[in-house]
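A.B. asks: Pasting run31.cif below, which is mmCIF, C-alpha atoms.
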```cif
data_data
#
loop_
_atom_site.label_atom_id
_atom_site.label_comp_id
_atom_site.auth_asym_id
_atom_site.auth_seq_id
_atom_site.Cartn_x
_atom_site.Cartn_y
_atom_site.Cartn_z
CA MET A 1 32.90 65.31 28.33
CA ASN A 2 34.00 67.58 31.17
CA ILE A 3 31.58 70.41 30.40
CA PRO A 4 31.01 72.55 33.50
CA LYS A 5 27.55 72.73 35.06
CA SER A 6 25.55 75.83 34.27
CA ASN A 7 22.30 77.45 35.37
CA PHE A 8 21.64 78.34 31.73
CA PRO A 9 20.02 76.02 29.17
CA ARG A 10 22.52 73.99 27.15
CA LEU A 11 22.61 74.24 23.37
CA VAL A 12 24.70 71.62 21.56
CA ILE A 13 25.80 72.39 17.98
CA VAL A 14 26.99 69.44 15.88
CA GLY A 15 29.18 70.68 13.03
CA GLY A 16 31.61 73.56 12.63
CA GLY A 17 30.77 74.51 9.05
CA PHE A 18 29.27 77.80 7.89
CA ALA A 19 25.97 77.21 9.72
CA GLY A 20 27.53 76.00 12.98
CA ILE A 21 30.09 78.78 13.37
CA ASN A 22 27.62 81.54 12.48
CA LEU A 23 25.16 80.22 15.06
CA ALA A 24 27.90 79.96 17.70
CA LYS A 25 29.11 83.53 16.97
CA SER A 26 25.55 84.90 17.16
CA LEU A 27 25.19 83.44 20.69
CA LYS A 28 28.42 84.88 22.04
CA ASN A 29 28.06 85.61 25.80
CA LYS A 30 24.27 85.13 25.70
CA PRO A 31 22.34 83.42 28.56
CA LEU A 32 23.00 79.95 27.15
CA GLN A 33 25.70 77.34 27.52
CA VAL A 34 26.85 76.50 23.98
CA VAL A 35 28.79 73.31 23.19
CA LEU A 36 30.23 73.02 19.68
CA ILE A 37 31.19 69.50 18.55
CA ASP A 38 33.09 68.64 15.38
CA LYS A 39 35.29 65.76 14.22
CA HIS A 40 37.90 68.32 13.07
CA ASN A 41 39.31 71.14 15.15
CA TYR A 42 39.03 73.59 12.26
CA HIS A 43 36.47 75.20 9.98
CA THR A 44 37.05 74.56 6.26
CA PHE A 45 36.31 77.18 3.62
CA GLN A 46 35.07 74.61 1.13
CA PRO A 47 34.68 76.92 -1.91
CA LEU A 48 38.48 77.07 -2.17
CA LEU A 49 39.24 73.37 -1.63
CA TYR A 50 39.87 73.01 -5.36
CA GLN A 51 42.78 75.45 -5.08
CA VAL A 52 44.41 73.20 -2.48
CA SER A 53 43.84 70.23 -4.83
CA SER A 54 45.49 72.04 -7.74
CA SER A 55 48.53 73.36 -5.76
CA GLY A 56 47.35 76.96 -5.67
CA LEU A 57 46.99 77.23 -1.89
CA GLU A 58 48.20 75.43 1.21
CA PRO A 59 45.44 73.97 3.42
CA ASP A 60 46.09 76.32 6.34
CA SER A 61 45.05 79.19 4.04
CA ILE A 62 41.45 77.95 3.93
CA ALA A 63 41.16 76.31 7.37
CA TYR A 64 40.66 78.14 10.65
CA PRO A 65 40.82 76.76 14.24
CA LEU A 66 37.36 76.45 15.78
CA ARG A 67 38.68 77.29 19.24
CA LYS A 68 40.04 80.55 17.85
CA ILE A 69 36.60 81.44 16.48
CA ILE A 70 34.98 81.06 19.93
CA LYS A 71 37.88 82.23 22.11
CA LYS A 72 36.12 85.49 23.17
CA SER A 73 32.85 83.71 23.90
CA ASN A 74 32.81 82.90 27.62
CA ASN A 75 29.71 80.69 27.33
CA THR A 76 30.96 78.47 24.48
CA PHE A 77 32.94 75.22 24.69
CA PHE A 78 34.44 73.07 21.93
CA ARG A 79 34.90 69.31 21.93
CA LEU A 80 36.75 67.32 19.28
CA ALA A 81 34.51 64.32 18.69
CA GLU A 82 32.21 62.57 16.25
CA VAL A 83 28.55 62.19 17.17
CA GLU A 84 27.42 58.58 16.92
CA GLU A 85 23.78 58.69 17.99
CA ILE A 86 21.01 61.01 19.14
CA GLN A 87 18.72 59.83 21.93
CA PRO A 88 15.84 62.32 21.64
CA ASP A 89 13.70 60.67 24.33
CA ASN A 90 16.14 61.69 27.06
CA ASN A 91 17.79 64.66 25.29
CA ARG A 92 21.17 62.99 25.05
CA ILE A 93 23.76 62.37 22.36
CA LYS A 94 26.49 59.74 22.24
CA THR A 95 29.88 60.71 20.87
CA THR A 96 33.28 59.10 20.43
CA ILE A 97 34.44 60.77 23.68
CA GLY A 98 31.35 60.23 25.83
CA GLU A 99 27.77 61.35 26.26
CA ILE A 100 26.25 64.78 26.79
CA THR A 101 22.73 65.99 27.52
CA TYR A 102 21.14 68.99 25.84
CA ASP A 103 18.19 71.28 26.20
CA TYR A 104 18.42 72.27 22.54
CA LEU A 105 20.25 70.44 19.77
CA VAL A 106 21.34 71.90 16.43
CA LEU A 107 22.43 69.58 13.62
CA ALA A 108 24.72 71.27 11.10
CA THR A 109 26.48 68.17 9.82
CA GLY A 110 26.51 69.18 6.16
CA THR A 111 26.89 66.72 3.31
CA LYS A 112 29.12 63.94 2.08
CA THR A 113 29.99 62.77 -1.42
CA ASN A 114 27.21 60.93 -3.24
CA PHE A 115 28.44 58.04 -5.40
CA PHE A 116 24.87 57.04 -6.35
CA GLY A 117 25.43 53.46 -5.26
CA ASN A 118 28.38 52.79 -7.58
CA ALA A 119 30.73 50.81 -5.34
CA ASP A 120 33.65 50.71 -7.80
CA VAL A 121 33.56 54.46 -8.37
CA GLU A 122 33.46 54.99 -4.61
CA LYS A 123 36.44 52.66 -4.18
CA TYR A 124 38.71 54.00 -6.92
CA SER A 125 37.77 57.65 -7.49
CA MET A 126 38.92 60.76 -5.60
CA PRO A 127 36.27 62.76 -3.71
CA MET A 128 36.93 66.37 -2.69
CA LYS A 129 34.87 67.37 0.36
CA THR A 130 37.56 67.76 3.03
CA VAL A 131 41.07 69.15 3.43
CA PRO A 132 42.66 65.65 3.64
CA GLN A 133 40.84 64.65 0.44
CA ALA A 134 42.05 67.81 -1.33
CA LEU A 135 45.62 67.02 -0.26
CA ASN A 136 45.20 63.47 -1.58
CA ILE A 137 44.20 64.84 -4.97
CA ARG A 138 47.15 67.26 -4.98
CA SER A 139 49.56 64.44 -4.18
CA LEU A 140 48.03 62.12 -6.78
CA ILE A 141 48.22 64.75 -9.55
CA LEU A 142 51.88 65.48 -8.81
CA GLN A 143 52.76 61.81 -8.34
CA ASN A 144 51.18 60.93 -11.68
CA LEU A 145 53.16 63.67 -13.40
CA GLU A 146 56.32 62.20 -11.90
CA LYS A 147 55.31 58.67 -12.94
CA ALA A 148 54.60 59.89 -16.47
CA THR A 149 58.23 60.98 -16.84
CA ILE A 150 59.42 57.40 -16.29
CA ALA A 151 56.56 55.49 -17.94
CA LYS A 152 57.78 52.58 -20.05
CA THR A 153 55.09 52.80 -22.74
CA GLU A 154 53.18 55.60 -24.42
CA ALA A 155 49.85 54.12 -23.30
CA GLU A 156 51.01 54.04 -19.68
CA ARG A 157 52.26 57.63 -19.89
CA LYS A 158 48.99 58.88 -21.37
CA ALA A 159 46.98 57.15 -18.62
CA PHE A 160 49.01 59.04 -16.02
CA LEU A 161 48.42 62.29 -17.93
CA ASN A 162 44.67 61.78 -18.41
CA PHE A 163 42.70 63.62 -15.72
CA VAL A 164 38.96 62.93 -15.60
CA ILE A 165 36.61 65.10 -13.52
CA VAL A 166 33.00 63.95 -13.11
CA GLY A 167 30.42 66.63 -12.43
CA ALA A 168 30.36 70.07 -14.07
CA GLY A 169 28.86 72.04 -11.21
CA PRO A 170 30.92 74.90 -9.74
CA THR A 171 33.39 72.50 -8.05
CA GLY A 172 34.05 70.47 -11.19
CA VAL A 173 34.29 73.50 -13.48
CA GLU A 174 36.65 75.36 -11.16
CA LEU A 175 38.87 72.33 -10.64
CA ALA A 176 39.01 71.60 -14.39
CA GLY A 177 40.09 75.19 -15.05
CA ALA A 178 42.74 75.04 -12.32
CA ILE A 179 44.25 71.77 -13.60
CA ALA A 180 44.21 73.19 -17.14
CA GLU A 181 46.26 76.16 -15.92
CA LEU A 182 48.65 73.70 -14.27
CA LYS A 183 49.02 72.04 -17.66
CA ASN A 184 49.45 75.30 -19.58
CA HIS A 185 51.82 77.15 -17.25
CA ILE A 186 53.56 74.68 -14.91
CA VAL A 187 54.08 71.45 -16.85
CA PRO A 188 56.04 73.05 -19.73
CA ARG A 189 58.49 74.61 -17.24
CA ASP A 190 58.75 71.96 -14.52
CA TYR A 191 58.43 68.84 -16.66
CA ARG A 192 60.50 69.61 -19.74
CA ASP A 193 60.83 65.89 -20.42
CA LEU A 194 57.07 65.64 -20.95
CA ASN A 195 54.98 66.92 -23.84
CA ALA A 196 52.40 69.16 -22.16
CA ASN A 197 49.97 68.47 -25.02
CA ASP A 198 49.82 64.84 -23.88
CA MET A 199 48.16 65.99 -20.66
CA GLN A 200 44.39 65.86 -21.14
CA ILE A 201 41.61 67.14 -18.88
CA HIS A 202 38.14 65.65 -19.44
CA LEU A 203 35.07 67.11 -17.72
CA LEU A 204 32.01 64.80 -17.72
CA GLU A 205 28.50 66.04 -16.96
CA GLY A 206 25.22 64.09 -16.96
CA ALA A 207 23.11 67.16 -17.81
CA ASN A 208 23.05 68.82 -21.22
CA ARG A 209 25.27 71.74 -20.13
CA VAL A 210 27.90 72.71 -17.59
CA LEU A 211 26.89 74.62 -14.43
CA PRO A 212 23.27 73.36 -14.52
CA PRO A 213 22.20 75.44 -11.46
CA MET A 214 23.27 78.69 -13.15
CA SER A 215 21.80 80.55 -16.12
CA GLU A 216 22.18 79.29 -19.67
CA GLU A 217 24.21 82.40 -20.46
CA ALA A 218 26.68 81.64 -17.66
CA SER A 219 26.78 78.00 -18.72
CA ALA A 220 27.63 78.85 -22.33
CA LYS A 221 30.37 81.29 -21.31
CA ALA A 222 31.86 78.82 -18.82
CA GLU A 223 31.96 76.06 -21.43
CA GLN A 224 33.72 78.36 -23.91
CA PHE A 225 36.24 79.42 -21.24
CA LEU A 226 36.95 75.76 -20.49
CA LYS A 227 37.44 74.90 -24.14
CA ASP A 228 39.76 77.91 -24.56
CA LEU A 229 41.89 76.42 -21.77
CA GLY A 230 41.99 73.07 -23.54
CA VAL A 231 39.48 71.17 -21.38
CA HIS A 232 37.42 68.48 -23.16
CA VAL A 233 33.79 68.94 -22.10
CA HIS A 234 31.44 65.93 -22.39
CA CYS A 235 27.78 66.69 -21.58
CA ASN A 236 24.98 64.09 -21.39
CA THR A 237 27.68 61.69 -20.20
CA LEU A 238 27.36 59.45 -17.14
CA VAL A 239 30.05 57.23 -15.65
CA LYS A 240 29.02 53.58 -15.55
CA GLU A 241 32.23 51.95 -14.33
CA TYR A 242 35.72 52.84 -13.15
CA ASN A 243 38.24 50.21 -12.06
CA GLY A 244 41.11 52.55 -11.25
CA LYS A 245 42.43 52.36 -14.80
CA LYS A 246 39.56 52.76 -17.24
CA VAL A 247 36.47 54.99 -17.29
CA GLU A 248 33.37 53.58 -19.00
CA THR A 249 30.39 55.84 -19.75
CA ASN A 250 26.84 55.59 -21.09
CA THR A 251 28.15 56.79 -24.47
CA ASN A 252 30.91 55.46 -26.70
CA LEU A 253 33.44 57.44 -24.67
CA GLU A 254 36.04 55.34 -22.85
CA LEU A 255 39.07 56.86 -21.17
CA GLU A 256 42.24 55.25 -19.88
CA SER A 257 43.02 57.25 -16.74
CA GLU A 258 44.83 56.85 -13.43
CA THR A 259 42.93 59.84 -11.98
CA LEU A 260 39.16 60.16 -11.66
CA ILE A 261 37.98 63.04 -9.46
CA TRP A 262 34.34 62.72 -8.38
CA ALA A 263 32.46 66.02 -8.05
CA ALA A 264 29.12 64.72 -9.28
CA GLY A 265 26.93 65.31 -6.26
CA VAL A 266 26.40 65.23 -2.51
CA THR A 267 23.99 63.67 -0.07
CA GLY A 268 23.12 64.66 3.47
CA SER A 269 25.16 63.44 6.40
CA PRO A 270 22.53 62.70 9.08
CA VAL A 271 23.12 61.32 12.56
CA LYS A 272 21.53 58.06 13.69
CA GLY A 273 18.68 58.30 16.16
CA LEU A 274 15.85 60.43 14.77
CA SER A 275 12.80 58.82 13.18
CA ALA A 276 12.93 57.98 9.48
CA ASN A 277 9.91 60.26 8.95
CA SER A 278 12.11 63.23 9.76
CA LEU A 279 14.42 62.56 6.82
CA MET A 280 13.97 63.12 3.11
CA GLU A 281 14.80 59.65 1.83
CA ARG A 282 16.45 60.59 -1.47
CA SER A 283 18.57 63.49 -0.26
CA ASN A 284 19.18 62.43 3.38
CA ARG A 285 18.20 65.91 4.59
CA TYR A 286 16.17 66.62 7.72
CA LYS A 287 12.69 68.02 7.08
CA VAL A 288 12.47 71.35 8.88
CA ASN A 289 9.83 74.05 9.22
CA ARG A 290 10.39 77.74 8.55
CA TYR A 291 12.11 78.07 11.95
CA ASN A 292 14.54 75.22 11.17
CA GLN A 293 12.91 72.88 13.69
CA VAL A 294 13.20 69.23 12.69
CA GLU A 295 9.82 67.63 12.01
CA ASN A 296 8.41 66.00 15.19
CA TYR A 297 11.24 67.39 17.39
CA PRO A 298 10.54 70.95 18.65
CA ASN A 299 13.87 71.26 20.55
CA ILE A 300 16.03 69.88 17.70
CA PHE A 301 17.01 72.13 14.80
CA ALA A 302 18.83 71.50 11.52
CA LEU A 303 20.76 74.09 9.52
CA GLY A 304 22.46 74.49 6.17
CA ASP A 305 23.03 71.63 3.73
CA ILE A 306 21.45 69.02 6.00
CA ALA A 307 18.18 71.01 6.34
CA TYR A 308 15.34 70.56 3.85
CA MET A 309 12.97 73.52 4.04
CA GLU A 310 10.21 73.88 1.46
CA THR A 311 9.14 77.44 0.70
CA GLU A 312 7.18 79.08 -2.08
CA ALA A 313 10.38 80.40 -3.65
CA PHE A 314 12.28 77.12 -3.09
CA PRO A 315 9.78 74.24 -3.33
CA LYS A 316 12.64 71.69 -3.54
CA GLY A 317 14.61 73.14 -0.64
CA HIS A 318 17.39 75.70 -0.59
CA PRO A 319 20.57 75.23 -2.61
CA GLN A 320 23.31 73.42 -0.71
CA VAL A 321 25.79 76.30 -0.75
CA ALA A 322 27.29 78.58 1.89
CA GLN A 323 24.80 81.45 1.91
CA PRO A 324 21.68 79.59 3.13
CA ALA A 325 23.79 78.01 5.89
CA ILE A 326 25.21 81.38 6.98
CA GLN A 327 21.82 83.10 6.98
CA GLN A 328 20.07 80.24 8.80
CA GLY A 329 22.79 80.16 11.46
CA GLN A 330 22.54 83.88 12.07
CA LEU A 331 18.74 83.86 12.31
CA LEU A 332 18.56 80.77 14.53
CA GLY A 333 20.75 82.52 17.09
CA LYS A 334 18.03 85.15 17.49
CA ASN A 335 15.21 82.62 17.30
CA ILE A 336 16.67 80.35 19.99
CA LEU A 337 16.70 83.25 22.44
CA ARG A 338 13.11 84.13 21.50
CA PHE A 339 12.09 80.46 21.81
CA ILE A 340 13.55 80.26 25.33
CA ALA A 341 11.79 83.49 26.28
CA ASP A 342 8.50 82.05 24.92
CA LYS A 343 8.32 84.72 22.23
CA PRO A 344 7.30 84.11 18.60
CA MET A 345 10.18 83.19 16.30
CA GLN A 346 10.90 84.76 12.92
CA LYS A 347 10.40 82.67 9.78
CA PHE A 348 13.47 82.11 7.64
CA LYS A 349 13.52 83.82 4.25
CA TYR A 350 16.54 83.21 2.07
CA ASN A 351 18.17 86.26 0.52
CA ASP A 352 19.67 84.85 -2.67
CA LYS A 353 22.84 86.83 -3.33
CA GLY A 354 23.53 85.11 -6.64
CA SER A 355 25.84 82.42 -7.98
CA MET A 356 29.33 82.50 -9.42
CA ALA A 357 32.11 80.25 -10.64
CA THR A 358 35.66 80.88 -11.81
CA ILE A 359 37.24 79.04 -14.69
CA GLY A 360 40.81 80.22 -14.27
CA ARG A 361 42.85 83.35 -14.73
CA ASN A 362 40.69 86.34 -15.76
CA LYS A 363 37.73 84.03 -16.42
CA ALA A 364 34.58 83.72 -14.30
CA VAL A 365 30.79 83.85 -14.62
CA VAL A 366 28.38 85.60 -12.24
CA ASP A 367 24.58 85.48 -11.95
CA LEU A 368 23.14 88.25 -9.78
CA GLY A 369 19.40 88.03 -10.32
CA LYS A 370 18.71 89.48 -13.75
CA ILE A 371 22.29 90.73 -14.05
CA LYS A 372 24.61 88.21 -15.68
CA PHE A 373 28.19 88.80 -16.74
CA GLY A 374 31.46 86.99 -17.34
CA GLY A 375 35.13 87.55 -18.03
CA PHE A 376 37.69 89.64 -16.17
CA PHE A 377 35.25 91.77 -14.13
CA ALA A 378 33.35 88.64 -13.02
CA TRP A 379 36.68 87.07 -12.05
CA PHE A 380 37.57 90.15 -9.98
CA VAL A 381 34.16 90.08 -8.25
CA TRP A 382 34.58 86.34 -7.53
CA MET A 383 38.02 86.93 -5.98
CA PHE A 384 36.87 89.84 -3.81
CA ILE A 385 33.79 88.04 -2.45
CA HIS A 386 35.69 84.84 -1.66
CA LEU A 387 38.52 86.78 -0.05
CA MET A 388 36.12 88.67 2.23
CA ALA A 389 34.23 85.47 3.10
CA LEU A 390 37.32 83.73 4.47
CA VAL A 391 37.42 83.36 8.25
CA GLY A 392 40.31 85.23 9.84
CA PHE A 393 42.44 88.21 8.80
CA ARG A 394 45.59 86.07 8.43
CA ASN A 395 43.88 83.73 5.97
CA ARG A 396 42.71 86.68 3.86
CA VAL A 397 46.23 88.10 3.74
CA VAL A 398 47.85 84.75 2.92
CA VAL A 399 45.35 83.94 0.17
CA PHE A 400 45.61 87.46 -1.29
CA PHE A 401 49.39 87.31 -1.53
CA ASN A 402 49.25 83.79 -2.98
CA TRP A 403 46.82 84.98 -5.65
CA VAL A 404 48.97 88.02 -6.48
CA TYR A 405 52.09 85.84 -6.69
CA ASN A 406 50.31 83.28 -8.87
CA TYR A 407 48.92 86.00 -11.13
CA ILE A 408 52.25 87.74 -11.69
CA ASN A 409 54.35 84.61 -12.09
CA PHE A 410 51.82 82.24 -13.73
CA ASP A 411 52.79 79.92 -10.90
CA LYS A 412 51.28 77.59 -8.30
CA ALA A 413 53.66 77.62 -5.37
CA ALA A 414 52.23 74.72 -3.32
CA ARG A 415 53.48 71.91 -5.59
CA LEU A 416 54.52 69.68 -2.71
CA ILE A 417 53.94 65.98 -2.14
CA ILE A 418 54.00 66.25 1.64
CA ARG A 419 52.01 63.09 2.21
CA PRO A 420 52.18 60.60 -0.69
CA PHE A 421 48.85 59.15 -1.71
CA HIS A 422 48.57 55.40 -2.24
CA LYS A 423 45.79 54.34 -4.56
CA VAL A 424 43.57 51.38 -3.74
CA LYS A 425 44.65 48.33 -5.70
#
```
For this file, write the structure as structure tokens.

C.D. replies:
Amino acid sequence: MNIPKSNFPRLVIVGGGFAGINLAKSLKNKPLQVVLIDKHNYHTFQPLLYQVSSSGLEPDSIAYPLRKIIKKSNNTFFRLAEVEEIQPDNNRIKTTIGEITYDYLVLATGTKTNFFGNADVEKYSMPMKTVPQALNIRSLILQNLEKATIAKTEAERKAFLNFVIVGAGPTGVELAGAIAELKNHIVPRDYRDLNANDMQIHLLEGANRVLPPMSEEASAKAEQFLKDLGVHVHCNTLVKEYNGKKVETNTNLELESETLIWAAGVTGSPVKGLSANSLMERSNRYKVNRYNQVENYPNIFALGDIAYMETEAFPKGHPQVAQPAIQQGQLLGKNILRFIADKPMQKFKYNDKGSMATIGRNKAVVDLGKIKFGGFFAWFVWMFIHLMALVGFRNRVVVFFNWVYNYINFDKAARLIIRPFHKVK
């Protein structure tokens, strides 16, 4: 892999998400050789992927080059590769571009979409975990609007205009709100030969309310906001089958739709090679102690979504969101240096900064401990926090101006089919 020899111990980080980049930044110019490996050459700000899907932002607004993040770190190297296997017995990993040895290994591989074993849903639905997937959804939405204008029958047209989103967590709720705004503000102006009322957005959730991880107050407000936007919310509803044309559920609800977006859950994305005892079978997350060390492997660590750490406050592990990953990455940077120096490490304690979700223009819900609020102020707080969390000054400026433009003009400027999406037949 053409990594120079070093007298310092080598730390290999697999994954350039929130955990990986915060760990790499915390070890800038420290007495370690750091090698960051990722299958993409950019970090993705996943909380705003839905805005790429719904034509609100271009992908370069929420992606940032990994090499640019580490450019001032003289001890850090990046390699574009996918890790295929870990060989813990000889401290080696195999990748698509070769092998590399490590003294310390950090797994920050995140999650992938969980289809819960439904092969047809996996084949025909649209996941949204990566930038390419978000662009696929954007293309499919716009293509289906175009196809609806030339549909030969009313049934065919309605199928193109039926958008079904499965999973009413923050991703599903935010995407449903964004597509509803597309319907309410863009379709009547751009597609005058369509009846905007024929465009339907259905949000399906298996639990008895939307936003199950948040408070009941936030859930109720979010559902009302969605209904005000014209979204059809179906709780206690599970998808049984989808063949690319028709959605069948566990209730009497059946929907003819050319677009099913799957936001119903995630599962860990582990790397082959560690013992099965180190993995939580159901969630595919590595079992780690309070120092993020993988069970049975003292020199291998796991961070963020892929790490399962039981604590008194979080007996089922930490939520798979950005903040635990960021905080674990920052702390592990300090702990690695203490571990090398044979000093005691600091136990991880998650500082829960709250949860939030936006449901469109001037509409959001926020849970900050005992403080819960919604509406315009919550929407403003959501925008500010997400803007500040973006990596890179340019991205913050671009996103800010896009949001201002969209707010003033009721517009979504990125309505481009750059790369047509071809559905599986």

A.B. asks: Evaluate the PyMOL selection byres ((chain A and resi 80-84) around 8) against this structure - the residues, as JSON, numbers by chain, please.

C.D. replies: {"A": [14, 37, 38, 39, 40, 41, 78, 79, 85, 86, 93, 94, 95, 96, 97, 271, 272]}

A.B. asks: Next, the residues of the selection above should be written as a PDB file, in the frame of the given file with C-alpha atoms.

C.D. replies:
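Saved to result.pdb:
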```pdb
ATOM      1  CA  VAL A  14      26.990  69.440  15.880  1.00  0.00           C
ATOM      2  CA  ILE A  37      31.190  69.500  18.550  1.00  0.00           C
ATOM      3  CA  ASP A  38      33.090  68.640  15.380  1.00  0.00           C
ATOM      4  CA  LYS A  39      35.290  65.760  14.220  1.00  0.00           C
ATOM      5  CA  HIS A  40      37.900  68.320  13.070  1.00  0.00           C
ATOM      6  CA  ASN A  41      39.310  71.140  15.150  1.00  0.00           C
ATOM      7  CA  PHE A  78      34.440  73.070  21.930  1.00  0.00           C
ATOM      8  CA  ARG A  79      34.900  69.310  21.930  1.00  0.00           C
ATOM      9  CA  GLU A  85      23.780  58.690  17.990  1.00  0.00           C
ATOM     10  CA  ILE A  86      21.010  61.010  19.140  1.00  0.00           C
ATOM     11  CA  ILE A  93      23.760  62.370  22.360  1.00  0.00           C
ATOM     12  CA  LYS A  94      26.490  59.740  22.240  1.00  0.00           C
ATOM     13  CA  THR A  95      29.880  60.710  20.870  1.00  0.00           C
ATOM     14  CA  THR A  96      33.280  59.100  20.430  1.00  0.00           C
ATOM     15  CA  ILE A  97      34.440  60.770  23.680  1.00  0.00           C
ATOM     16  CA  VAL A 271      23.120  61.320  12.560  1.00  0.00           C
ATOM     17  CA  LYS A 272      21.530  58.060  13.690  1.00  0.00           C
TER      18      LYS A 272
END
```

A.B. asks: So which residues get picked by the PyMOL selection byres ((chain A and resi 130) around 8) here, written as a PyMOL selection string?

C.D. replies: chain A and resi 44+46+49+128-129+131-134

A.B. asks: Those residues with C-alpha atoms, as a compact mmCIF listing (two decimals), keeping the file's coordinate frame please?

C.D. replies:
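Output (out.txt):
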```
# COMPACT_ATOMS: atom_id res chain seq x y z
CA THR A 44 37.05 74.56 6.26
CA GLN A 46 35.07 74.61 1.13
CA LEU A 49 39.24 73.37 -1.63
CA MET A 128 36.93 66.37 -2.69
CA LYS A 129 34.87 67.37 0.36
CA VAL A 131 41.07 69.15 3.43
CA PRO A 132 42.66 65.65 3.64
CA GLN A 133 40.84 64.65 0.44
CA ALA A 134 42.05 67.81 -1.33
```

A.B. asks: Name the residues captured by the PyMOL selection byres ((chain A and resi 269) around 7) when it is applied to the shown file; answer as a ChimeraX atom specification.

C.D. replies: /A:109-112,267-268,270-271,284,306

A.B. asks: Which is closest to Thr149 of chain A among A:His234, A:Arg192, A:Lys183, A:Lys246, if we use all atoms listed in the file?

C.D. replies: A:Arg192

A.B. asks: For Glu217 of chain A, which residue out of A:Asn243, A:Gln33, A:Val233, A:Val365 is the nearest one, using all atoms listed in the file?

C.D. replies: A:Val365

A.B. asks: Which one of A:Phe77, A:Arg138, A:Val366, A:Ala302 sits closest to Ala414 of chain A if you count all atoms listed in the file?

C.D. replies: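 Using all atoms listed in the file, the shortest distance to Ala414 of chain A belongs to A:Arg138.
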
A.B. asks: Is there a way to get, as a PyMOL selection string, all residues within 12 Å of the point (15.6, 67.0, 19.8) in file coordinates, counting all atoms listed in the file?

C.D. replies: chain A and resi 11-13+85-93+101-107+271+273-275+278+292-302

A.B. asks: Using all atoms listed in the file, which of the listed residues (A:Ser54, A:Asn75, A:Thr237, A:Ser283) sits closest to Lys30 of chain A?

C.D. replies: A:Asn75

A.B. asks: Please provide as an MDAnalysis selection string all residues within 8 Å of Glu174 of chain A, with the sequence filter that same-chain residues fewer than 6 positions apart are discarded (counting all atoms listed in the file).

C.D. replies: chainID A and resid 50 357:360

A.B. asks: Hey, which of A:Ile418, A:Val164, A:Ala325, A:Ala119 ends up closest to Val247 of chain A? Count all atoms listed in the file.

C.D. replies: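 Once distances to Val247 of chain A are computed over all atoms listed in the file, the minimum belongs to A:Val164.
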
A.B. asks: Can you tell me which residues surround Met383 of chain A at a distance of at most 10 Å, considering all atoms listed in the file, apart from same-chain residues fewer than 3 positions away, and format the answer as a compact mmCIF listing (two decimals) with C-alpha atoms, in the frame of the given file?

C.D. replies:
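In the end it all went to out_8.txt:
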```
# COMPACT_ATOMS: atom_id res chain seq x y z
CA THR A 358 35.66 80.88 -11.81
CA ALA A 364 34.58 83.72 -14.30
CA PHE A 377 35.25 91.77 -14.13
CA ALA A 378 33.35 88.64 -13.02
CA TRP A 379 36.68 87.07 -12.05
CA PHE A 380 37.57 90.15 -9.98
CA HIS A 386 35.69 84.84 -1.66
CA LEU A 387 38.52 86.78 -0.05
CA MET A 388 36.12 88.67 2.23
CA ALA A 389 34.23 85.47 3.10
CA PHE A 400 45.61 87.46 -1.29
CA TRP A 403 46.82 84.98 -5.65
```
